[in-house]
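**Student:** Got a structure for you, written out below as structure tokens; questions coming shortly.
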Amino acid sequence: MSEILRVEDLRVYYHLPQGVVKAVDGVSFSLNRGEILGVAGESGSGKSTLALALAGLLRPPAVIESGRIIFNGLDLTRLGEGEWRRLRGRKISMVFQDPSTYLNPVYTSGFQVAEVYEAHRGGRISRYMDLVKDLYRKVKMADPERRVHSYPHQMSGGMKQRVLISMAIAEKPDLIIADEPTSALDVTIQAEIIELLREIRAETGSSIIFITHDLALLLEIADRIMIMYAGKIVELGRSSEIREKPLHPYTRGLLSVLKPERKQKLASIPGSIPSLIDPPKGCRFHPRCPMAMPECSRIEPKTIKVNGRIVSCLLYEG
């Protein structure tokens, strides 16, 4: 598999009056063509900030402090907004968490999808309506002939999410970033959206970064899974390896919440994500870690390879 995306030591900080929030703090990974990479972690781990950086959608007070995002050989951190407008939607697209927030209530769904074609091909919106209907059929939208004329308030949550997915796949991009695309949907519709993304990957060959706090979902859809905690990657490996033999104590904690042992109380990870303005010294997970050693509060773990997997934990050093 050839590489389509490489992120090198990326640091994204929010400069606030109360201090600097290090939301993404030295993140490095790669993505292959046609691969689905899952990104998991609790709220506040830096997942959505990473997604916005990859899509060129960061706004002040967020700043890329350092690092590179190499997409098809192009360093995205050096692009101006005009260059991003030509790239976004055509080569890189994004599916957002809550479709109601991102759909304009005063325009029909079909008009809003057709705007993607207009932005990259020019011409009138009306000339693209047949293409929009074809997209709606592809994403299994019920009654596409009618739904292109529907306003967002006339559509269910699942339908609106299909509209966003239609926007994302309109120009057959190389990379689709899906940021919590199923969190606002019920379980049945979640399963349909997951299957739809699988089919899109198989048909178009697009790579997908699927971001969620729901590790169980990622174990179903992702080829590899990246676990983030407090702005850093703590583990990255194939889904089957993560499921069967998690290495990092945080990953183990997330899995134990999903699969509690029989006759035991529902598992939980004590405490909460630390402040990213003043994170703990050493390993950022050590205040919550059941396997913490004295040195974990003093020494920041390196990111190392263990049996082809990436992990950041002192348990595996030296």
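Residues are referred to by chain and number: the chain letter is A, B, ... according to the order shown in the structure tokens, the number counts from 1 in that chain, and ligands are numbered separately from 1 in the order shown.
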Can you list every residue of stretch 142-161 of chain A that has an atom at most 8 Å from stretch 114-134 of chain A, with its nearest atom pair and the distance in Å to one decimal, using only C-alpha atoms, ordered by chain then number, as CSV?

**Tutor:**
```
residue,atom,partner,partner_atom,distance
A:Pro144,CA,A:Lys133,CA,5.6
A:Glu145,CA,A:Lys133,CA,6.4
A:Val148,CA,A:Lys133,CA,6.8
```

**Student:** Find the residue from A:Glu195, A:Asp174, A:Glu241, A:Asp179 that sits nearest to A:Thr49; use only C-alpha atoms when measuring.

**Tutor:**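 Nearest to A:Thr49: A:Asp179.
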
**Student:** Using DSSP on the backbone, list every residue of stretch 12-74 of chain A that comes out as helix (DSSP H, G or I), and give them as a PyMOL selection string.

**Tutor:** chain A and resi 47-54

**Student:** Taking 5 positions as the minimum chain separation for residues in the same chain, which residues sit within 10 Å of A:Gln97 when counting only C-alpha atoms? Answer as an MDAnalysis selection string.

**Tutor:** chainID A and resid 48 102 161 164 178:185 211:212

**Student:** Check the smallest atom-to-atom distance from each of A:Val106, A:Met94, A:Ala222, A:Ile299 to A:Arg198 using only C-alpha atoms, then report the winner.

**Tutor:**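 Among A:Val106, A:Met94, A:Ala222, A:Ile299, it is A:Ala222 that comes nearest to A:Arg198.
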
**Student:** Just to confirm, what's the straight-line distance from atom CA of A:Leu254 to atom CA of A:Gly38 in Å (one decimal)?

**Tutor:**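 So the answer is 14.2 Å.
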
**Student:** Could you find all residues in stretch 79-228 of chain A that DSSP calls strand (DSSP E) from the backbone, and write them as a PyMOL selection string?

**Tutor:** chain A and resi 92-95+175-179+207-212+224-228

**Student:** Could you turn the residues from that selection into a file that holds C-alpha atoms, as a PDB file, in the first residue's frame?

**Tutor:**
```
ATOM      1  CA  ILE A  92      -9.823  16.273   1.067  1.00  0.00           C
ATOM      2  CA  SER A  93     -13.336  16.373   2.502  1.00  0.00           C
ATOM      3  CA  MET A  94     -14.890  16.225   5.936  1.00  0.00           C
ATOM      4  CA  VAL A  95     -18.027  14.747   7.485  1.00  0.00           C
ATOM      5  CA  LEU A 175      -9.137  11.519   1.855  1.00  0.00           C
ATOM      6  CA  ILE A 176     -12.356  11.695   3.866  1.00  0.00           C
ATOM      7  CA  ILE A 177     -12.155  12.853   7.495  1.00  0.00           C
ATOM      8  CA  ALA A 178     -15.189  11.743   9.504  1.00  0.00           C
ATOM      9  CA  ASP A 179     -15.338  13.499  12.881  1.00  0.00           C
ATOM     10  CA  SER A 207      -8.759   6.747   2.562  1.00  0.00           C
ATOM     11  CA  ILE A 208     -10.841   7.500   5.647  1.00  0.00           C
ATOM     12  CA  ILE A 209      -9.873   8.886   9.049  1.00  0.00           C
ATOM     13  CA  PHE A 210     -12.739   7.999  11.386  1.00  0.00           C
ATOM     14  CA  ILE A 211     -12.663   9.938  14.661  1.00  0.00           C
ATOM     15  CA  THR A 212     -14.795   8.959  17.645  1.00  0.00           C
ATOM     16  CA  ARG A 224      -5.782   0.428  12.262  1.00  0.00           C
ATOM     17  CA  ILE A 225      -6.610   2.334  15.435  1.00  0.00           C
ATOM     18  CA  MET A 226      -4.781   5.285  16.958  1.00  0.00           C
ATOM     19  CA  ILE A 227      -5.430   6.011  20.636  1.00  0.00           C
ATOM     20  CA  MET A 228      -4.971   9.626  21.759  1.00  0.00           C
TER      21      MET A 228
END
```

**Student:** Which residue out of A:Phe29, A:Tyr316, A:Tyr14, A:Tyr107 has the minimum interatomic distance to A:Pro61 when only C-alpha atoms are used?

**Tutor:** A:Tyr14

**Student:** Would you kindly return, as a ChimeraX atom specification, each protein, DNA or RNA residue with an atom no farther than 6 Å from any atom of A:Val27, considering only C-alpha atoms and excluding same-chain residues fewer than 3 positions away?

**Tutor:** /A:9-10,232

**Student:** Which residues come within 9 Å of stretch 77-79 of chain A, counting only C-alpha atoms, excluding same-chain residues fewer than 3 positions away, as a list in words?

**Tutor:**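 Counting only the stated atoms, we get Ala53, Leu54, Gly56, Ile64, Ser66, Gly67, Arg68, Ile69, Ile70, Leu74, Gly82, Glu83 and Trp84 of chain A.
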
**Student:** Go through A:Leu258, A:Ile304, A:Val7, A:Leu103 one by one, measure the shortest atom-to-atom distance of each to A:Phe71 using only C-alpha atoms, and give the residue with the smallest value.

**Tutor:**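 Closest residue, counting only C-alpha atoms: A:Val7.
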
**Student:** For A:Gly110, which of A:Ser166, A:Ser156, A:Ser240, A:Ser45 is the closest residue, counting only C-alpha atoms?

**Tutor:**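 Checking each candidate against A:Gly110, we get A:Ser166 as the closest.
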
**Student:** Quick one: residues within 12 Å of A:Met159, only C-alpha atoms, excluding same-chain residues fewer than 4 positions away - as a PyMOL selection string?

**Tutor:** chain A and resi 98-100+103+109+136-137+139-144+147-148+150-155+163-166+182+185+189-190+192-193

**Student:** By how many Å are atom CA of A:Ser206 and atom CA of A:Ser312 apart?

**Tutor:**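 Pair atom CA of A:Ser206 / atom CA of A:Ser312 returns 29.2 Å.
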